[in-house]
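Encoded as structure tokens, the structure appears first; notes follow it.
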Amino acid sequence: MKENERTGIFVGSFNPFTIGHLSVVKRALPLFDRLVIGVVGQQQQKPGQPSATERVEAIKAVFHDEEKVEVKPYYGLAIDFAREENAHFIVKGVRSVKDFEYEREQADINRQISNGEVETVLLYAEPHLSSISSSMVRELQHYGLDVTPFLPSSQQ
């Protein structure tokens, strides 16, 4: 990590990491010198669901040629992960008004508990990706449908 480096974090369970997530990362990259994708590590693993380590490795494969991206598991609060990574920005993707309200509340709390040192950057979903979510992909997988159109090519 370099001095005065603009670092952002993009956090989530990413189960799985979708083309919607990929879009957010690609659009966030020009804003930062370094973007750390934080994969929730303490998520209770359900039978047949990938572990945090498996999700980290899958996302690393997507960004293997992108030197500005790091992928790590994290445990605890996103704001603590931001501090650990010396990040002053949390990047969040927003698909709907419902997402916006949730993320606005989280941003307010994070700003308060970080004493204003961490700001949230909201990136709105591209219209053609606004209905894609990890839970939708898992649901389609459950019913045996092909979900490859919703995943980055390295995860197919």
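Following the order of the structure tokens, chains are lettered A, B, ..., residues in each are numbered from 1, and ligands are numbered from 1.
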
Legend entry - Glu54 (chain A) surroundings by only C-alpha atoms, 12 Å radius, close-in-sequence under 3 positions cut, as a list in words: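 Returned residues: Ser13, Phe14, Asn15, Pro16, Phe17, Val39, Val40, Gly41, Gln45, Gly48, Gln49, Pro50, Ser51, Glu57, Ala58, Ile59, Lys60, Ala61, Val71, Lys72, Pro73 and Gln155 of chain A.
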
Inset, instruction - Could you give me, as a PyMOL selection string, the residues within 9 Å of Thr18 (chain A), counting only C-alpha atoms and dropping anything in the same chain fewer than 5 positions from it? - result: chain A and resi 23+132-134+137+150-152

Residues from last step as file, all heavy atoms, as a PDB file, in the first residue's frame:
```
ATOM      1  N   SER A  23     -19.975  -5.403 -12.707  1.00  0.00           N
ATOM      2  CA  SER A  23     -20.237  -4.062 -13.227  1.00  0.00           C
ATOM      3  C   SER A  23     -19.882  -2.984 -12.202  1.00  0.00           C
ATOM      4  O   SER A  23     -19.256  -1.974 -12.541  1.00  0.00           O
ATOM      5  CB  SER A  23     -21.715  -3.931 -13.628  1.00  0.00           C
ATOM      6  OG  SER A  23     -22.044  -2.597 -13.906  1.00  0.00           O
ATOM      7  N   ILE A 132     -30.694  -8.504 -11.353  1.00  0.00           N
ATOM      8  CA  ILE A 132     -29.780  -9.612 -11.035  1.00  0.00           C
ATOM      9  C   ILE A 132     -29.296  -9.483  -9.595  1.00  0.00           C
ATOM     10  O   ILE A 132     -28.792  -8.443  -9.183  1.00  0.00           O
ATOM     11  CB  ILE A 132     -28.589  -9.636 -12.007  1.00  0.00           C
ATOM     12  CG1 ILE A 132     -29.096  -9.864 -13.432  1.00  0.00           C
ATOM     13  CG2 ILE A 132     -27.589 -10.716 -11.604  1.00  0.00           C
ATOM     14  CD1 ILE A 132     -28.030  -9.727 -14.492  1.00  0.00           C
ATOM     15  N   SER A 133     -29.472 -10.567  -8.855  1.00  0.00           N
ATOM     16  CA  SER A 133     -28.982 -10.634  -7.477  1.00  0.00           C
ATOM     17  C   SER A 133     -28.448 -12.034  -7.216  1.00  0.00           C
ATOM     18  O   SER A 133     -28.817 -12.989  -7.902  1.00  0.00           O
ATOM     19  CB  SER A 133     -30.110 -10.327  -6.486  1.00  0.00           C
ATOM     20  OG  SER A 133     -31.064 -11.364  -6.500  1.00  0.00           O
ATOM     21  N   SER A 134     -27.599 -12.143  -6.218  1.00  0.00           N
ATOM     22  CA  SER A 134     -27.075 -13.458  -5.848  1.00  0.00           C
ATOM     23  C   SER A 134     -28.198 -14.394  -5.434  1.00  0.00           C
ATOM     24  O   SER A 134     -28.189 -15.580  -5.783  1.00  0.00           O
ATOM     25  CB  SER A 134     -26.066 -13.329  -4.709  1.00  0.00           C
ATOM     26  OG  SER A 134     -24.931 -12.634  -5.134  1.00  0.00           O
ATOM     27  N   VAL A 137     -29.910 -15.748  -8.459  1.00  0.00           N
ATOM     28  CA  VAL A 137     -29.077 -16.764  -9.109  1.00  0.00           C
ATOM     29  C   VAL A 137     -29.138 -18.077  -8.330  1.00  0.00           C
ATOM     30  O   VAL A 137     -29.291 -19.154  -8.919  1.00  0.00           O
ATOM     31  CB  VAL A 137     -27.625 -16.273  -9.263  1.00  0.00           C
ATOM     32  CG1 VAL A 137     -26.708 -17.390  -9.734  1.00  0.00           C
ATOM     33  CG2 VAL A 137     -27.570 -15.082 -10.230  1.00  0.00           C
ATOM     34  N   PHE A 150     -25.550 -15.032 -15.922  1.00  0.00           N
ATOM     35  CA  PHE A 150     -25.543 -14.084 -14.810  1.00  0.00           C
ATOM     36  C   PHE A 150     -24.203 -14.042 -14.059  1.00  0.00           C
ATOM     37  O   PHE A 150     -24.067 -13.305 -13.089  1.00  0.00           O
ATOM     38  CB  PHE A 150     -26.664 -14.407 -13.836  1.00  0.00           C
ATOM     39  CG  PHE A 150     -28.008 -14.507 -14.489  1.00  0.00           C
ATOM     40  CD1 PHE A 150     -28.666 -15.723 -14.569  1.00  0.00           C
ATOM     41  CD2 PHE A 150     -28.590 -13.388 -15.056  1.00  0.00           C
ATOM     42  CE1 PHE A 150     -29.907 -15.813 -15.191  1.00  0.00           C
ATOM     43  CE2 PHE A 150     -29.830 -13.467 -15.695  1.00  0.00           C
ATOM     44  CZ  PHE A 150     -30.482 -14.695 -15.758  1.00  0.00           C
ATOM     45  N   LEU A 151     -23.236 -14.858 -14.496  1.00  0.00           N
ATOM     46  CA  LEU A 151     -21.943 -14.958 -13.813  1.00  0.00           C
ATOM     47  C   LEU A 151     -20.828 -14.480 -14.720  1.00  0.00           C
ATOM     48  O   LEU A 151     -20.895 -14.675 -15.943  1.00  0.00           O
ATOM     49  CB  LEU A 151     -21.687 -16.411 -13.413  1.00  0.00           C
ATOM     50  CG  LEU A 151     -22.742 -17.076 -12.524  1.00  0.00           C
ATOM     51  CD1 LEU A 151     -22.391 -18.537 -12.312  1.00  0.00           C
ATOM     52  CD2 LEU A 151     -22.855 -16.352 -11.209  1.00  0.00           C
ATOM     53  N   PRO A 152     -19.771 -13.880 -14.149  1.00  0.00           N
ATOM     54  CA  PRO A 152     -18.609 -13.533 -14.968  1.00  0.00           C
ATOM     55  C   PRO A 152     -18.038 -14.790 -15.625  1.00  0.00           C
ATOM     56  O   PRO A 152     -18.134 -15.887 -15.061  1.00  0.00           O
ATOM     57  CB  PRO A 152     -17.613 -12.953 -13.959  1.00  0.00           C
ATOM     58  CG  PRO A 152     -18.457 -12.490 -12.821  1.00  0.00           C
ATOM     59  CD  PRO A 152     -19.607 -13.464 -12.763  1.00  0.00           C
TER      60      PRO A 152
END
```

Inset, instruction - Considering only C-alpha atoms, return as a ChimeraX atom specification whatever protein or nucleic-acid residues lie within 9 Å of region 85-91 of chain A, sequence-local ones (same chain, fewer than 6 positions apart) excluded. - result: /A:1,5-11,24-25,28,34-36,78-79,107,117-123

Using DSSP on the backbone coordinates, identify all residues within region 27-112 of chain A classified as strand (DSSP E); present the result as a PDB file with N, CA, C and O atoms, in the first residue's frame.
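What follows is the written file out.pdb:
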```pdb
ATOM      1  N   ARG A  34      -6.766   1.629  -5.385  1.00  0.00           N
ATOM      2  CA  ARG A  34      -6.831   0.255  -4.891  1.00  0.00           C
ATOM      3  C   ARG A  34      -8.260  -0.021  -4.460  1.00  0.00           C
ATOM      4  O   ARG A  34      -8.876   0.792  -3.776  1.00  0.00           O
ATOM      5  N   LEU A  35      -8.798  -1.171  -4.890  1.00  0.00           N
ATOM      6  CA  LEU A  35     -10.145  -1.573  -4.494  1.00  0.00           C
ATOM      7  C   LEU A  35     -10.056  -2.975  -3.903  1.00  0.00           C
ATOM      8  O   LEU A  35      -9.593  -3.911  -4.563  1.00  0.00           O
ATOM      9  N   VAL A  36     -10.472  -3.091  -2.642  1.00  0.00           N
ATOM     10  CA  VAL A  36     -10.422  -4.379  -1.954  1.00  0.00           C
ATOM     11  C   VAL A  36     -11.835  -4.937  -1.892  1.00  0.00           C
ATOM     12  O   VAL A  36     -12.743  -4.301  -1.350  1.00  0.00           O
ATOM     13  N   ILE A  37     -12.008  -6.108  -2.469  1.00  0.00           N
ATOM     14  CA  ILE A  37     -13.296  -6.799  -2.406  1.00  0.00           C
ATOM     15  C   ILE A  37     -13.270  -7.649  -1.142  1.00  0.00           C
ATOM     16  O   ILE A  37     -12.445  -8.555  -1.014  1.00  0.00           O
ATOM     17  N   GLY A  38     -14.147  -7.314  -0.205  1.00  0.00           N
ATOM     18  CA  GLY A  38     -14.214  -8.022   1.070  1.00  0.00           C
ATOM     19  C   GLY A  38     -15.361  -9.016   1.055  1.00  0.00           C
ATOM     20  O   GLY A  38     -16.514  -8.643   0.906  1.00  0.00           O
ATOM     21  N   VAL A  39     -15.029 -10.280   1.201  1.00  0.00           N
ATOM     22  CA  VAL A  39     -16.016 -11.355   1.196  1.00  0.00           C
ATOM     23  C   VAL A  39     -16.353 -11.711   2.639  1.00  0.00           C
ATOM     24  O   VAL A  39     -15.464 -12.055   3.418  1.00  0.00           O
ATOM     25  N   VAL A  40     -17.627 -11.604   2.990  1.00  0.00           N
ATOM     26  CA  VAL A  40     -18.071 -11.928   4.342  1.00  0.00           C
ATOM     27  C   VAL A  40     -17.601 -13.338   4.691  1.00  0.00           C
ATOM     28  O   VAL A  40     -17.938 -14.298   4.002  1.00  0.00           O
ATOM     29  N   VAL A  69      -7.095  -4.540  -7.908  1.00  0.00           N
ATOM     30  CA  VAL A  69      -8.101  -5.276  -7.133  1.00  0.00           C
ATOM     31  C   VAL A  69      -7.436  -6.317  -6.248  1.00  0.00           C
ATOM     32  O   VAL A  69      -6.598  -7.090  -6.696  1.00  0.00           O
ATOM     33  N   GLU A  70      -7.850  -6.327  -4.979  1.00  0.00           N
ATOM     34  CA  GLU A  70      -7.470  -7.378  -4.032  1.00  0.00           C
ATOM     35  C   GLU A  70      -8.763  -8.007  -3.532  1.00  0.00           C
ATOM     36  O   GLU A  70      -9.785  -7.320  -3.432  1.00  0.00           O
ATOM     37  N   VAL A  71      -8.724  -9.280  -3.203  1.00  0.00           N
ATOM     38  CA  VAL A  71      -9.898  -9.982  -2.690  1.00  0.00           C
ATOM     39  C   VAL A  71      -9.510 -10.680  -1.397  1.00  0.00           C
ATOM     40  O   VAL A  71      -8.533 -11.428  -1.366  1.00  0.00           O
ATOM     41  N   LYS A  72     -10.271 -10.402  -0.339  1.00  0.00           N
ATOM     42  CA  LYS A  72      -9.960 -10.952   0.979  1.00  0.00           C
ATOM     43  C   LYS A  72     -11.245 -11.280   1.728  1.00  0.00           C
ATOM     44  O   LYS A  72     -12.239 -10.588   1.563  1.00  0.00           O
ATOM     45  N   PRO A  73     -11.194 -12.290   2.599  1.00  0.00           N
ATOM     46  CA  PRO A  73     -12.337 -12.484   3.491  1.00  0.00           C
ATOM     47  C   PRO A  73     -12.261 -11.436   4.606  1.00  0.00           C
ATOM     48  O   PRO A  73     -11.188 -10.918   4.906  1.00  0.00           O
ATOM     49  N   TYR A  74     -13.408 -11.105   5.175  1.00  0.00           N
ATOM     50  CA  TYR A  74     -13.381 -10.228   6.343  1.00  0.00           C
ATOM     51  C   TYR A  74     -14.416 -10.716   7.342  1.00  0.00           C
ATOM     52  O   TYR A  74     -15.374 -11.401   7.004  1.00  0.00           O
ATOM     53  N   PHE A  89     -13.335   4.780   1.811  1.00  0.00           N
ATOM     54  CA  PHE A  89     -14.558   4.680   1.022  1.00  0.00           C
ATOM     55  C   PHE A  89     -15.088   3.254   1.037  1.00  0.00           C
ATOM     56  O   PHE A  89     -14.318   2.301   0.929  1.00  0.00           O
ATOM     57  N   ILE A  90     -16.409   3.150   1.163  1.00  0.00           N
ATOM     58  CA  ILE A  90     -17.106   1.874   1.005  1.00  0.00           C
ATOM     59  C   ILE A  90     -17.953   2.016  -0.256  1.00  0.00           C
ATOM     60  O   ILE A  90     -18.749   2.941  -0.371  1.00  0.00           O
ATOM     61  N   VAL A  91     -17.751   1.107  -1.194  1.00  0.00           N
ATOM     62  CA  VAL A  91     -18.505   1.114  -2.444  1.00  0.00           C
ATOM     63  C   VAL A  91     -19.683   0.169  -2.304  1.00  0.00           C
ATOM     64  O   VAL A  91     -19.525  -0.974  -1.851  1.00  0.00           O
ATOM     65  N   LYS A  92     -20.852   0.638  -2.685  1.00  0.00           N
ATOM     66  CA  LYS A  92     -22.056  -0.195  -2.638  1.00  0.00           C
ATOM     67  C   LYS A  92     -22.805  -0.064  -3.959  1.00  0.00           C
ATOM     68  O   LYS A  92     -22.865   1.018  -4.537  1.00  0.00           O
ATOM     69  N   GLY A  93     -23.371  -1.166  -4.409  1.00  0.00           N
ATOM     70  CA  GLY A  93     -24.222  -1.158  -5.587  1.00  0.00           C
ATOM     71  C   GLY A  93     -25.672  -1.027  -5.154  1.00  0.00           C
ATOM     72  O   GLY A  93     -26.079  -1.600  -4.135  1.00  0.00           O
ATOM     73  N   VAL A  94     -26.441  -0.263  -5.916  1.00  0.00           N
ATOM     74  CA  VAL A  94     -27.846  -0.021  -5.585  1.00  0.00           C
ATOM     75  C   VAL A  94     -28.696  -0.345  -6.809  1.00  0.00           C
ATOM     76  O   VAL A  94     -28.470   0.194  -7.887  1.00  0.00           O
TER      77      VAL A  94
END
```

Inset, instruction - May I have all residues of chain A that DSSP, computed from the backbone, assigns to alpha helix (DSSP H), given as a VMD selection string? - result: chain A and resid 19 to 28 52 to 62 78 to 84 97 to 113 134 to 142

Inset, instruction - Rank nothing, just name the residue among A:Asp65, A:Leu145, A:Ile113, A:Thr53 nearest to Leu77 (chain A), using only C-alpha atoms. - result: A:Ile113

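Here CA of Arg111 (chain A) stands at a distance of 28.5 Å from CA of Ser131 (chain A).
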
Inset, instruction - Tell me which of A:Gln42, A:Thr148, A:Ser130, A:Ser114 sits closest to Tyr75 (chain A), counting only C-alpha atoms. - result: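 Smallest separation from Tyr75 (chain A) among the options: A:Gln42.
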